[in-house]
>>> print(open('coords11.pdb').read())   # PDB, C-alpha atoms and all ligand atoms
ATOM      1  CA  MET A   1      17.512   7.551   7.529
ATOM      2  CA  SER A   2      13.825   7.673   6.551
ATOM      3  CA  ILE A   3      12.716   6.244   3.213
ATOM      4  CA  LEU A   4       9.501   8.273   3.056
ATOM      5  CA  THR A   5       8.591  11.469   4.840
ATOM      6  CA  THR A   6       5.794  13.933   4.461
ATOM      7  CA  ASN A   7       6.091  17.477   5.646
ATOM      8  CA  ARG A   8       2.813  19.185   6.556
ATOM      9  CA  LEU A   9       0.959  17.267   3.848
ATOM     10  CA  THR A  10      -2.436  18.891   3.360
ATOM     11  CA  LYS A  11      -5.246  18.049   0.960
ATOM     12  CA  SER A  12      -8.373  20.167   0.720
ATOM     13  CA  TYR A  13     -11.533  19.652  -1.264
ATOM     14  CA  GLY A  14     -12.738  23.215  -1.661
ATOM     15  CA  GLU A  15     -12.989  24.626   1.840
ATOM     16  CA  PHE A  16     -12.875  21.214   3.464
ATOM     17  CA  LYS A  17      -9.515  19.882   4.662
ATOM     18  CA  ALA A  18      -9.524  16.081   4.340
ATOM     19  CA  VAL A  19      -5.879  15.819   5.442
ATOM     20  CA  THR A  20      -4.191  18.530   7.501
ATOM     21  CA  ASP A  21      -0.479  19.017   8.206
ATOM     22  CA  VAL A  22       0.412  15.347   8.266
ATOM     23  CA  ASN A  23       4.063  14.613   9.044
ATOM     24  CA  LEU A  24       4.836  10.977   8.348
ATOM     25  CA  ASP A  25       8.220   9.386   8.892
ATOM     26  CA  VAL A  26       8.612   5.895   7.485
ATOM     27  CA  GLN A  27      11.798   3.987   8.294
ATOM     28  CA  PRO A  28      13.309   1.477   5.844
ATOM     29  CA  ASN A  29      12.475  -2.222   6.221
ATOM     30  CA  THR A  30       9.598  -1.569   8.562
ATOM     31  CA  LEU A  31       5.896  -2.155   8.334
ATOM     32  CA  HIS A  32       4.305   1.202   9.018
ATOM     33  CA  ALA A  33       0.529   1.250   9.256
ATOM     34  CA  VAL A  34      -1.848   4.185   9.004
ATOM     35  CA  ILE A  35      -5.183   3.536  10.628
ATOM     36  CA  GLY A  36      -8.178   5.562  11.691
ATOM     37  CA  PRO A  37     -11.942   5.475  11.820
ATOM     38  CA  ASN A  38     -14.141   6.260   8.800
ATOM     39  CA  GLY A  39     -13.456   9.652   7.317
ATOM     40  CA  ALA A  40     -10.058   9.976   9.041
ATOM     41  CA  GLY A  41      -8.403  10.807   5.714
ATOM     42  CA  LYS A  42      -6.516   7.526   5.103
ATOM     43  CA  THR A  43      -7.630   7.065   1.505
ATOM     44  CA  THR A  44      -6.941  10.697   0.686
ATOM     45  CA  LEU A  45      -3.468  10.385   2.195
ATOM     46  CA  PHE A  46      -2.874   7.184   0.206
ATOM     47  CA  HIS A  47      -3.857   8.886  -3.061
ATOM     48  CA  CYS A  48      -1.573  11.820  -2.280
ATOM     49  CA  LEU A  49       1.323   9.437  -1.614
ATOM     50  CA  THR A  50       0.798   7.452  -4.807
ATOM     51  CA  GLY A  51       0.426  10.611  -6.892
ATOM     52  CA  VAL A  52      -3.174   9.978  -7.886
ATOM     53  CA  GLN A  53      -4.160  13.204  -6.150
ATOM     54  CA  ARG A  54      -2.243  16.460  -5.947
ATOM     55  CA  LEU A  55      -1.382  17.886  -2.568
ATOM     56  CA  THR A  56      -2.890  21.223  -1.672
ATOM     57  CA  SER A  57       0.279  22.020   0.266
ATOM     58  CA  GLY A  58       3.209  20.322   1.935
ATOM     59  CA  ARG A  59       5.953  18.056   0.642
ATOM     60  CA  ILE A  60       6.697  14.382   0.137
ATOM     61  CA  LEU A  61      10.248  13.041   0.119
ATOM     62  CA  PHE A  62      10.964   9.523  -1.073
ATOM     63  CA  ASP A  63      14.446   8.084  -0.883
ATOM     64  CA  ASN A  64      15.789  11.605  -0.421
ATOM     65  CA  LYS A  65      14.052  13.015  -3.485
ATOM     66  CA  GLU A  66      11.170  15.426  -3.528
ATOM     67  CA  ILE A  67       8.307  13.683  -5.306
ATOM     68  CA  SER A  68       5.406  15.965  -4.358
ATOM     69  CA  LYS A  69       4.644  16.967  -7.922
ATOM     70  CA  LEU A  70       5.413  13.687  -9.699
ATOM     71  CA  GLY A  71       2.662  11.539 -11.211
ATOM     72  CA  PRO A  72       2.034   7.886 -10.304
ATOM     73  CA  GLU A  73       4.171   6.410 -13.132
ATOM     74  CA  LYS A  74       7.198   8.482 -12.228
ATOM     75  CA  ARG A  75       6.840   7.587  -8.543
ATOM     76  CA  SER A  76       6.621   3.921  -9.374
ATOM     77  CA  SER A  77       9.680   4.095 -11.593
ATOM     78  CA  LEU A  78      11.591   5.546  -8.613
ATOM     79  CA  GLY A  79      10.732   2.448  -6.592
ATOM     80  CA  MET A  80       7.417   3.257  -4.973
ATOM     81  CA  SER A  81       4.833   0.717  -5.946
ATOM     82  CA  ARG A  82       1.198   0.423  -4.977
ATOM     83  CA  SER A  83      -0.730  -2.792  -4.947
ATOM     84  CA  PHE A  84      -2.884  -3.351  -7.997
ATOM     85  CA  GLN A  85      -6.636  -3.846  -7.643
ATOM     86  CA  VAL A  86      -8.368  -7.151  -8.397
ATOM     87  CA  THR A  87     -10.112  -5.235 -11.157
ATOM     88  CA  SER A  88      -6.771  -4.630 -12.852
ATOM     89  CA  LEU A  89      -5.731  -8.302 -12.929
ATOM     90  CA  PHE A  90      -5.880 -10.061 -16.291
ATOM     91  CA  LEU A  91      -8.298 -12.784 -15.244
ATOM     92  CA  GLU A  92      -7.936 -14.872 -18.391
ATOM     93  CA  MET A  93      -4.142 -14.975 -18.092
ATOM     94  CA  THR A  94      -1.982 -17.096 -15.809
ATOM     95  CA  VAL A  95      -0.457 -15.889 -12.571
ATOM     96  CA  ARG A  96       2.964 -15.831 -14.242
ATOM     97  CA  GLU A  97       1.708 -13.805 -17.205
ATOM     98  CA  ASN A  98       0.109 -11.271 -14.882
ATOM     99  CA  LEU A  99       3.383 -10.894 -13.011
ATOM    100  CA  GLN A 100       5.312 -10.565 -16.278
ATOM    101  CA  ILE A 101       3.050  -7.755 -17.364
ATOM    102  CA  ALA A 102       3.559  -5.961 -14.066
ATOM    103  CA  ALA A 103       7.333  -6.489 -14.228
ATOM    104  CA  LEU A 104       7.534  -5.120 -17.762
ATOM    105  CA  GLY A 105       4.929  -2.458 -17.579
ATOM    106  CA  VAL A 106       5.893  -0.537 -14.455
ATOM    107  CA  SER A 107       2.432   0.773 -13.830
ATOM    108  CA  SER A 108       0.209   1.712 -16.682
ATOM    109  CA  ILE A 109      -1.057  -0.183 -19.663
ATOM    110  CA  ASP A 110       0.486   2.446 -21.917
ATOM    111  CA  GLY A 111       3.861   1.735 -20.370
ATOM    112  CA  PHE A 112       4.051  -1.895 -21.498
ATOM    113  CA  ARG A 113       7.148  -2.595 -23.471
ATOM    114  CA  PHE A 114       6.614  -6.158 -24.687
ATOM    115  CA  TRP A 115       7.838  -5.445 -28.144
ATOM    116  CA  SER A 116      11.141  -3.813 -27.420
ATOM    117  CA  SER A 117      12.399  -6.223 -24.779
ATOM    118  CA  SER A 118      16.158  -6.629 -24.922
ATOM    119  CA  ALA A 119      17.884  -9.755 -23.602
ATOM    120  CA  SER A 120      18.779  -7.955 -20.394
ATOM    121  CA  THR A 121      15.170  -6.791 -19.916
ATOM    122  CA  VAL A 122      13.944 -10.348 -20.399
ATOM    123  CA  LYS A 123      16.437 -11.589 -17.801
ATOM    124  CA  LYS A 124      15.529  -8.841 -15.347
ATOM    125  CA  THR A 125      11.833  -9.506 -15.878
ATOM    126  CA  ALA A 126      12.289 -13.228 -15.228
ATOM    127  CA  ALA A 127      14.140 -12.472 -11.987
ATOM    128  CA  ALA A 128      11.401 -10.048 -10.897
ATOM    129  CA  VAL A 129       8.685 -12.595 -11.663
ATOM    130  CA  ASP A 130      10.560 -15.299  -9.742
ATOM    131  CA  TYR A 131      10.928 -12.957  -6.789
ATOM    132  CA  ALA A 132       7.189 -12.178  -6.808
ATOM    133  CA  LEU A 133       6.253 -15.870  -7.185
ATOM    134  CA  GLU A 134       8.526 -16.916  -4.368
ATOM    135  CA  THR A 135       7.525 -14.129  -1.987
ATOM    136  CA  THR A 136       3.808 -14.653  -2.491
ATOM    137  CA  GLY A 137       4.219 -18.441  -2.322
ATOM    138  CA  PHE A 138       2.656 -18.793  -5.759
ATOM    139  CA  GLU A 139       5.450 -20.933  -7.249
ATOM    140  CA  ASN A 140       3.079 -23.879  -7.569
ATOM    141  CA  ARG A 141       0.324 -21.773  -9.030
ATOM    142  CA  ALA A 142       2.364 -19.926 -11.635
ATOM    143  CA  GLU A 143       0.429 -21.545 -14.473
ATOM    144  CA  THR A 144      -3.015 -21.167 -12.864
ATOM    145  CA  ILE A 145      -5.421 -18.849 -14.639
ATOM    146  CA  ALA A 146      -5.881 -15.782 -12.421
ATOM    147  CA  GLY A 147      -9.667 -16.019 -12.790
ATOM    148  CA  ASP A 148      -9.564 -19.483 -11.189
ATOM    149  CA  LEU A 149      -7.905 -18.202  -8.011
ATOM    150  CA  SER A 150     -10.016 -17.615  -4.896
ATOM    151  CA  HIS A 151     -10.770 -14.007  -4.017
ATOM    152  CA  GLY A 152      -8.124 -14.122  -1.283
ATOM    153  CA  GLN A 153      -5.535 -15.475  -3.709
ATOM    154  CA  GLN A 154      -6.405 -12.776  -6.219
ATOM    155  CA  ARG A 155      -5.714 -10.216  -3.527
ATOM    156  CA  MET A 156      -2.336 -11.905  -2.937
ATOM    157  CA  LEU A 157      -1.677 -11.641  -6.659
ATOM    158  CA  GLU A 158      -2.394  -7.905  -6.486
ATOM    159  CA  VAL A 159       0.441  -7.602  -3.998
ATOM    160  CA  GLY A 160       2.566  -9.875  -6.199
ATOM    161  CA  MET A 161       2.012  -7.531  -9.156
ATOM    162  CA  ALA A 162       3.422  -4.663  -7.127
ATOM    163  CA  LEU A 163       6.366  -6.813  -6.015
ATOM    164  CA  ALA A 164       7.157  -7.738  -9.616
ATOM    165  CA  GLN A 165       8.115  -4.104 -10.094
ATOM    166  CA  GLN A 166      10.849  -4.681  -7.504
ATOM    167  CA  PRO A 167      10.004  -1.624  -5.443
ATOM    168  CA  LYS A 168      11.851  -0.208  -2.460
ATOM    169  CA  LEU A 169       8.543   0.754  -0.856
ATOM    170  CA  ILE A 170       5.157  -0.805  -1.350
ATOM    171  CA  LEU A 171       1.929   0.997  -0.505
ATOM    172  CA  LEU A 172      -1.011  -1.216   0.346
ATOM    173  CA  ASP A 173      -4.552   0.071   0.678
ATOM    174  CA  GLU A 174      -6.639  -2.232   2.849
ATOM    175  CA  PRO A 175      -5.199  -5.461   1.426
ATOM    176  CA  THR A 176      -7.554  -7.586   3.530
ATOM    177  CA  SER A 177     -10.777  -5.805   2.674
ATOM    178  CA  GLY A 178     -13.416  -8.152   1.327
ATOM    179  CA  MET A 179     -11.398 -11.179   2.409
ATOM    180  CA  GLY A 180     -12.855 -14.046   4.376
ATOM    181  CA  VAL A 181     -11.405 -14.501   7.885
ATOM    182  CA  ASP A 182      -9.702 -17.720   6.786
ATOM    183  CA  ASP A 183      -7.696 -15.885   4.120
ATOM    184  CA  ILE A 184      -6.544 -13.010   6.310
ATOM    185  CA  PRO A 185      -3.506 -14.779   7.860
ATOM    186  CA  MET A 186      -2.271 -15.557   4.327
ATOM    187  CA  ILE A 187      -2.030 -11.880   3.473
ATOM    188  CA  SER A 188      -0.877 -10.635   6.858
ATOM    189  CA  ASP A 189       1.965 -13.205   6.853
ATOM    190  CA  LEU A 190       2.964 -12.059   3.382
ATOM    191  CA  VAL A 191       2.958  -8.396   4.362
ATOM    192  CA  ARG A 192       5.040  -9.164   7.429
ATOM    193  CA  ARG A 193       7.580 -11.132   5.356
ATOM    194  CA  LEU A 194       8.052  -8.268   2.923
ATOM    195  CA  THR A 195       9.959  -6.092   5.381
ATOM    196  CA  LYS A 196      12.945  -8.419   5.064
ATOM    197  CA  ASP A 197      13.625  -6.825   1.669
ATOM    198  CA  ILE A 198      11.509  -3.700   1.382
ATOM    199  CA  THR A 199       9.421  -1.161   3.286
ATOM    200  CA  VAL A 200       5.665  -1.446   3.610
ATOM    201  CA  LEU A 201       3.209   1.377   4.189
ATOM    202  CA  LEU A 202      -0.156  -0.114   4.955
ATOM    203  CA  ILE A 203      -3.430   1.762   5.062
ATOM    204  CA  GLU A 204      -5.830  -0.377   7.013
ATOM    205  CA  HIS A 205      -9.143  -0.229   8.741
ATOM    206  CA  ASN A 206      -8.811  -3.452  10.706
ATOM    207  CA  MET A 207      -7.179  -2.539  14.021
ATOM    208  CA  GLY A 208      -6.692  -6.200  15.009
ATOM    209  CA  ILE A 209      -4.432  -6.975  12.041
ATOM    210  CA  VAL A 210      -2.486  -3.763  12.378
ATOM    211  CA  LEU A 211      -1.727  -4.347  16.061
ATOM    212  CA  GLU A 212      -0.478  -7.810  15.218
ATOM    213  CA  ILE A 213       1.902  -7.088  12.351
ATOM    214  CA  SER A 214       3.070  -3.448  12.402
ATOM    215  CA  ASP A 215       6.324  -1.993  13.632
ATOM    216  CA  LYS A 216       4.892   1.508  13.882
ATOM    217  CA  ILE A 217       1.335   2.774  13.734
ATOM    218  CA  THR A 218       0.065   6.229  12.855
ATOM    219  CA  VAL A 219      -3.503   6.789  13.978
ATOM    220  CA  MET A 220      -5.430   9.443  12.079
ATOM    221  CA  GLN A 221      -8.631  11.159  13.042
ATOM    222  CA  LEU A 222     -10.448  13.929  11.193
ATOM    223  CA  GLY A 223      -7.565  14.412   8.773
ATOM    224  CA  GLN A 224      -4.851  14.771  11.393
ATOM    225  CA  ILE A 225      -2.425  12.523  13.204
ATOM    226  CA  LEU A 226      -3.965  11.662  16.549
ATOM    227  CA  VAL A 227      -1.127   9.542  17.919
ATOM    228  CA  GLU A 228       1.804   7.424  16.727
ATOM    229  CA  GLY A 229       3.676   4.568  18.322
ATOM    230  CA  THR A 230       4.360   0.881  18.577
ATOM    231  CA  PRO A 231       1.422  -1.539  18.649
ATOM    232  CA  ASN A 232       1.702  -1.728  22.438
ATOM    233  CA  GLN A 233       1.655   2.029  22.834
ATOM    234  CA  ILE A 234      -1.333   2.321  20.499
ATOM    235  CA  LYS A 235      -3.242  -0.476  22.168
ATOM    236  CA  ASN A 236      -2.985   1.228  25.527
ATOM    237  CA  ASP A 237      -3.631   4.782  24.385
ATOM    238  CA  GLN A 238      -6.849   6.212  25.726
ATOM    239  CA  ARG A 239      -7.204   8.660  22.813
ATOM    240  CA  VAL A 240      -7.166   5.751  20.380
ATOM    241  CA  ARG A 241      -9.738   3.829  22.391
ATOM    242  CA  GLU A 242     -11.985   6.852  22.349
ATOM    243  CA  ALA A 243     -11.571   7.363  18.601
ATOM    244  CA  TYR A 244     -12.532   3.758  17.941
ATOM    245  CA  LEU A 245     -16.088   2.941  18.916
ATOM    246  CA  GLY A 246     -16.038   4.316  22.435
ATOM    247  CA  GLY A 247     -13.293   2.201  23.911
ATOM    248  CA  GLU A 248     -12.910  -0.950  21.772
ATOM    249  CA  THR A 249      -9.490  -1.436  20.216
ATOM    250  CA  GLU A 250      -9.947  -4.853  18.641
ATOM    251  CA  ASP A 251     -11.266  -5.115  15.076
ATOM    252  CA  ALA A 252     -12.901  -1.730  15.194
TER
HETATM  253  N1  LIG B   1     -13.481  13.949  -3.575
HETATM  254  C1  LIG B   1     -13.884  14.404  -2.388
HETATM  255  N2  LIG B   1     -14.574  15.565  -2.278
HETATM  256  C2  LIG B   1     -14.968  16.036  -1.078
HETATM  257  N3  LIG B   1     -14.724  15.413   0.104
HETATM  258  C3  LIG B   1     -14.048  14.256   0.048
HETATM  259  C4  LIG B   1     -13.601  13.680  -1.174
HETATM  260  N4  LIG B   1     -12.952  12.508  -0.891
HETATM  261  C5  LIG B   1     -13.020  12.373   0.449
HETATM  262  N5  LIG B   1     -13.669  13.405   1.015
HETATM  263  C6  LIG B   1     -13.907  13.605   2.458
HETATM  264  O1  LIG B   1     -12.637  13.630   3.101
HETATM  265  C7  LIG B   1     -12.720  12.977   4.361
HETATM  266  C8  LIG B   1     -11.680  11.888   4.421
HETATM  267  O2  LIG B   1     -12.078  10.844   3.535
HETATM  268  P1  LIG B   1     -11.178   9.574   3.268
HETATM  269  O3  LIG B   1     -11.905   8.714   2.294
HETATM  270  O4  LIG B   1      -9.798   9.985   2.937
HETATM  271  O5  LIG B   1     -11.195   8.879   4.711
HETATM  272  P2  LIG B   1     -10.852   7.406   5.121
HETATM  273  O6  LIG B   1     -10.088   7.520   6.388
HETATM  274  O7  LIG B   1     -10.200   6.705   4.007
HETATM  275  O8  LIG B   1     -12.263   6.795   5.431
HETATM  276  P3  LIG B   1     -12.872   5.360   5.059
HETATM  277  O9  LIG B   1     -12.227   4.391   5.984
HETATM  278  O10 LIG B   1     -14.323   5.573   5.325
HETATM  279  O11 LIG B   1     -12.555   5.141   3.596
HETATM  280  C9  LIG B   1     -14.139  12.481   4.509
HETATM  281  O12 LIG B   1     -14.865  13.407   5.295
HETATM  282  C10 LIG B   1     -14.661  12.466   3.091
HETATM  283  O13 LIG B   1     -16.055  12.683   3.049
END
>>> encode(input="coords11.pdb", output="structure tokens")
Amino acid sequence: MSILTTNRLTKSYGEFKAVTDVNLDVQPNTLHAVIGPNGAGKTTLFHCLTGVQRLTSGRILFDNKEISKLGPEKRSSLGMSRSFQVTSLFLEMTVRENLQIAALGVSSIDGFRFWSSSASTVKKTAAAVDYALETTGFENRAETIAGDLSHGQQRMLEVGMALAQQPKLILLDEPTSGMGVDDIPMISDLVRRLTKDITVLLIEHNMGIVLEISDKITVMQLGQILVEGTPNQIKNDQRVREAYLGGETEDA
């Protein structure tokens, strides 16, 4: 059974349709990537899925519940977490403290519940932080100040913050953007590992990474789904080659 589906998801800005009739079907414990050239509608789709933007029409079902009209906090409390941005890390705090905040706070600063933590919350939080530390491989850096991490490591910590919320599904928006080539394997290995426990929906521009690590790929163009399939199917699809820089499929 699917963990996330969209049914004719459409988002318009005035007369302009940025996303049109998108039907996504994300299976549990898979890495499902959405790719497409500039302006394809990936970011708009991402914001509609996280609840940052309202759909113009269509429906979103997560874990068998309709979530189309729920805000970001509610979605995250149901188990749908998005990766934080480097700009939302607490750079003067340690890695562990950042993860604790994410584990306690669910998603917004207003939601933090430091002061009313019961013993069971503290225990649950510790387990969530341990899970995030272990999965990101940050066990040895737990006491490092986040501001002292490299840019690539900070991006890993963003993913860790989402993991500390112990989601069923994690949504990642271009997790490798701005990363040096040497750091990219670190994050792509992490993303790949995640599907052991949870589901990953990855919005990504870099075709090379997506072909390497995804189970299923949805290619968007001009707000619509152009083609879907396994990395092999996508790699060999003429329509995809044409959409990406006149024939190139690597790193377009
Ligand atoms: N707030 C907005 N108002 C009007 N048009 C918008 C708005 N946001 C996005 N668009 C338009 O919607 C289309 C899809 O944009 P979107 O950012 O979702 O694409 P994308 O696939 O994420 O592209 P990129 O890889 O360049 O970020 C584009 O034509 C864009 O100009």
>>> closest_residue(input="coords11.pdb", among="A:Ser150, A:Thr144, A:Gln166, A:Thr5", to="A:Asp130", atoms="only C-alpha atoms")
A:Gln166
>>> resolve_selection(input="coords11.pdb", expression="the PyMOL selection byres (((not hetatm)) within 8 of (chain B and resi 1))", output="list in words")
Ser12, Tyr13, Gly14, Phe16, Lys17, Ala18, Val19, Ile35, Gly36, Pro37, Asn38, Gly39, Ala40, Gly41, Lys42, Thr43, Thr44, Leu45, Phe46, His205, Met220, Gln221, Leu222 and Gly223 of chain A
>>> closest_residue(input="coords11.pdb", among="A:Ile60, A:Leu149, A:Leu201, A:Ala119", to="A:Ile170", atoms="only C-alpha atoms")
A:Leu201
>>> axis_aligned_box(input="coords11.pdb", around="stretch 123-134 of chain A", padding_each_side="6 Å", output="AutoDock Vina command-line options")
--center_x 11.3 --center_y -12.9 --center_z -11.1 --size_x 22.2 --size_y 20.1 --size_z 25.4
>>> residues_near_point(input="coords11.pdb", point="(11.8, 3.1, -7.1)", cutoff="10 Å", atoms="all atoms listed in the file", output="number ranges by chain")
A: 62-63, 74-81, 165-170
>>> closest_residue(input="coords11.pdb", among="A:Glu228, A:Asp183, A:Glu15, A:Glu139", to="A:Thr56", atoms="only C-alpha atoms")
A:Glu15
>>> atom_distance(input="coords11.pdb", atom1="atom CA of A:Val240", atom2="atom CA of A:Lys216")
14.3 Å
>>> atom_distance(input="coords11.pdb", atom1="atom CA of A:Val159", atom2="atom CA of A:Ile217")
20.6 Å
>>> residues_around(input="coords11.pdb", residues="A:His47", least_positions_apart="6", cutoff="10 Å", atoms="all atoms listed in the file", output="ChimeraX atom specification")
/A:53-55,72,173
>>> closest_residue(input="coords11.pdb", among="A:Glu158, A:Glu143, A:Glu134, A:Asp148", to="A:Thr87", atoms="only C-alpha atoms")
A:Glu158
>>> atom_distance(input="coords11.pdb", atom1="atom CA of A:Thr199", atom2="atom CA of A:Ser2")
10.4 Å
>>> residues_near_point(input="coords11.pdb", point="(4.2, -8.0, 1.4)", cutoff="9 Å", atoms="only C-alpha atoms", output="tab-separated table (two decimals) with C-alpha atoms, in the frame of the given file")
chain	number	residue	atom	x	y	z
A	135	THR	CA	7.52	-14.13	-1.99
A	136	THR	CA	3.81	-14.65	-2.49
A	156	MET	CA	-2.34	-11.90	-2.94
A	159	VAL	CA	0.44	-7.60	-4.00
A	160	GLY	CA	2.57	-9.88	-6.20
A	163	LEU	CA	6.37	-6.81	-6.02
A	170	ILE	CA	5.16	-0.80	-1.35
A	172	LEU	CA	-1.01	-1.22	0.35
A	187	ILE	CA	-2.03	-11.88	3.47
A	188	SER	CA	-0.88	-10.64	6.86
A	189	ASP	CA	1.96	-13.20	6.85
A	190	LEU	CA	2.96	-12.06	3.38
A	191	VAL	CA	2.96	-8.40	4.36
A	192	ARG	CA	5.04	-9.16	7.43
A	193	ARG	CA	7.58	-11.13	5.36
A	194	LEU	CA	8.05	-8.27	2.92
A	195	THR	CA	9.96	-6.09	5.38
A	198	ILE	CA	11.51	-3.70	1.38
A	199	THR	CA	9.42	-1.16	3.29
A	200	VAL	CA	5.66	-1.45	3.61
>>> closest_residue(input="coords11.pdb", among="A:Val52, A:Leu133, A:Leu211, A:Met161", to="A:Leu104", atoms="all atoms listed in the file")
A:Met161
>>> resolve_selection(input="coords11.pdb", expression="the PyMOL selection byres (((chain A and resi 128) around 7) and not hetatm)", output="list in words")
Ala103, Lys124, Thr125, Ala126, Ala127, Val129, Asp130, Tyr131, Ala132, Ala164, Gln165 and Gln166 of chain A
>>> closest_residue(input="coords11.pdb", among="A:Thr94, A:Asn236, A:Asn7, A:Asn206", to="A:Asn140", atoms="only C-alpha atoms")
A:Thr94
>>> build_atoms(input="coords11.pdb", residues="stretch 26-45 of chain A", atoms="N, CA and C atoms", output="PDB file, in the frame of the given file")
ATOM      1  N   VAL A  26       8.606   7.345   7.664  1.00  0.00           N
ATOM      2  CA  VAL A  26       8.612   5.895   7.485  1.00  0.00           C
ATOM      3  C   VAL A  26      10.065   5.417   7.376  1.00  0.00           C
ATOM      4  N   GLN A  27      10.431   4.510   8.266  1.00  0.00           N
ATOM      5  CA  GLN A  27      11.798   3.987   8.294  1.00  0.00           C
ATOM      6  C   GLN A  27      11.940   2.770   7.371  1.00  0.00           C
ATOM      7  N   PRO A  28      13.130   2.604   6.761  1.00  0.00           N
ATOM      8  CA  PRO A  28      13.309   1.477   5.844  1.00  0.00           C
ATOM      9  C   PRO A  28      13.134   0.118   6.528  1.00  0.00           C
ATOM     10  N   ASN A  29      12.664  -0.842   5.747  1.00  0.00           N
ATOM     11  CA  ASN A  29      12.475  -2.222   6.221  1.00  0.00           C
ATOM     12  C   ASN A  29      11.581  -2.338   7.451  1.00  0.00           C
ATOM     13  N   THR A  30      10.598  -1.444   7.499  1.00  0.00           N
ATOM     14  CA  THR A  30       9.598  -1.569   8.562  1.00  0.00           C
ATOM     15  C   THR A  30       8.223  -1.700   7.929  1.00  0.00           C
ATOM     16  N   LEU A  31       7.296  -2.156   8.741  1.00  0.00           N
ATOM     17  CA  LEU A  31       5.896  -2.155   8.334  1.00  0.00           C
ATOM     18  C   LEU A  31       5.227  -1.024   9.108  1.00  0.00           C
ATOM     19  N   HIS A  32       4.888   0.009   8.399  1.00  0.00           N
ATOM     20  CA  HIS A  32       4.305   1.202   9.018  1.00  0.00           C
ATOM     21  C   HIS A  32       2.832   1.254   8.602  1.00  0.00           C
ATOM     22  N   ALA A  33       1.954   1.244   9.576  1.00  0.00           N
ATOM     23  CA  ALA A  33       0.529   1.250   9.256  1.00  0.00           C
ATOM     24  C   ALA A  33      -0.089   2.603   9.576  1.00  0.00           C
ATOM     25  N   VAL A  34      -1.047   2.992   8.731  1.00  0.00           N
ATOM     26  CA  VAL A  34      -1.848   4.185   9.004  1.00  0.00           C
ATOM     27  C   VAL A  34      -3.278   3.710   9.198  1.00  0.00           C
ATOM     28  N   ILE A  35      -3.814   3.981  10.357  1.00  0.00           N
ATOM     29  CA  ILE A  35      -5.183   3.536  10.628  1.00  0.00           C
ATOM     30  C   ILE A  35      -6.012   4.728  11.091  1.00  0.00           C
ATOM     31  N   GLY A  36      -7.301   4.503  11.211  1.00  0.00           N
ATOM     32  CA  GLY A  36      -8.178   5.562  11.691  1.00  0.00           C
ATOM     33  C   GLY A  36      -9.602   5.223  11.337  1.00  0.00           C
ATOM     34  N   PRO A  37     -10.536   5.765  12.098  1.00  0.00           N
ATOM     35  CA  PRO A  37     -11.942   5.475  11.820  1.00  0.00           C
ATOM     36  C   PRO A  37     -12.397   6.065  10.485  1.00  0.00           C
ATOM     37  N   ASN A  38     -13.590   5.740  10.062  1.00  0.00           N
ATOM     38  CA  ASN A  38     -14.141   6.260   8.800  1.00  0.00           C
ATOM     39  C   ASN A  38     -13.974   7.766   8.714  1.00  0.00           C
ATOM     40  N   GLY A  39     -13.558   8.210   7.534  1.00  0.00           N
ATOM     41  CA  GLY A  39     -13.456   9.652   7.317  1.00  0.00           C
ATOM     42  C   GLY A  39     -12.195  10.267   7.896  1.00  0.00           C
ATOM     43  N   ALA A  40     -11.278   9.441   8.413  1.00  0.00           N
ATOM     44  CA  ALA A  40     -10.058   9.976   9.041  1.00  0.00           C
ATOM     45  C   ALA A  40      -9.122  10.622   8.024  1.00  0.00           C
ATOM     46  N   GLY A  41      -9.259  10.229   6.748  1.00  0.00           N
ATOM     47  CA  GLY A  41      -8.403  10.807   5.714  1.00  0.00           C
ATOM     48  C   GLY A  41      -7.376   9.821   5.174  1.00  0.00           C
ATOM     49  N   LYS A  42      -7.508   8.544   5.516  1.00  0.00           N
ATOM     50  CA  LYS A  42      -6.516   7.526   5.103  1.00  0.00           C
ATOM     51  C   LYS A  42      -6.446   7.381   3.583  1.00  0.00           C
ATOM     52  N   THR A  43      -7.614   7.266   2.958  1.00  0.00           N
ATOM     53  CA  THR A  43      -7.630   7.065   1.505  1.00  0.00           C
ATOM     54  C   THR A  43      -7.082   8.296   0.791  1.00  0.00           C
ATOM     55  N   THR A  44      -7.452   9.455   1.285  1.00  0.00           N
ATOM     56  CA  THR A  44      -6.941  10.697   0.686  1.00  0.00           C
ATOM     57  C   THR A  44      -5.422  10.753   0.815  1.00  0.00           C
ATOM     58  N   LEU A  45      -4.913  10.402   1.980  1.00  0.00           N
ATOM     59  CA  LEU A  45      -3.468  10.385   2.195  1.00  0.00           C
ATOM     60  C   LEU A  45      -2.810   9.397   1.233  1.00  0.00           C
TER      61      LEU A  45
END
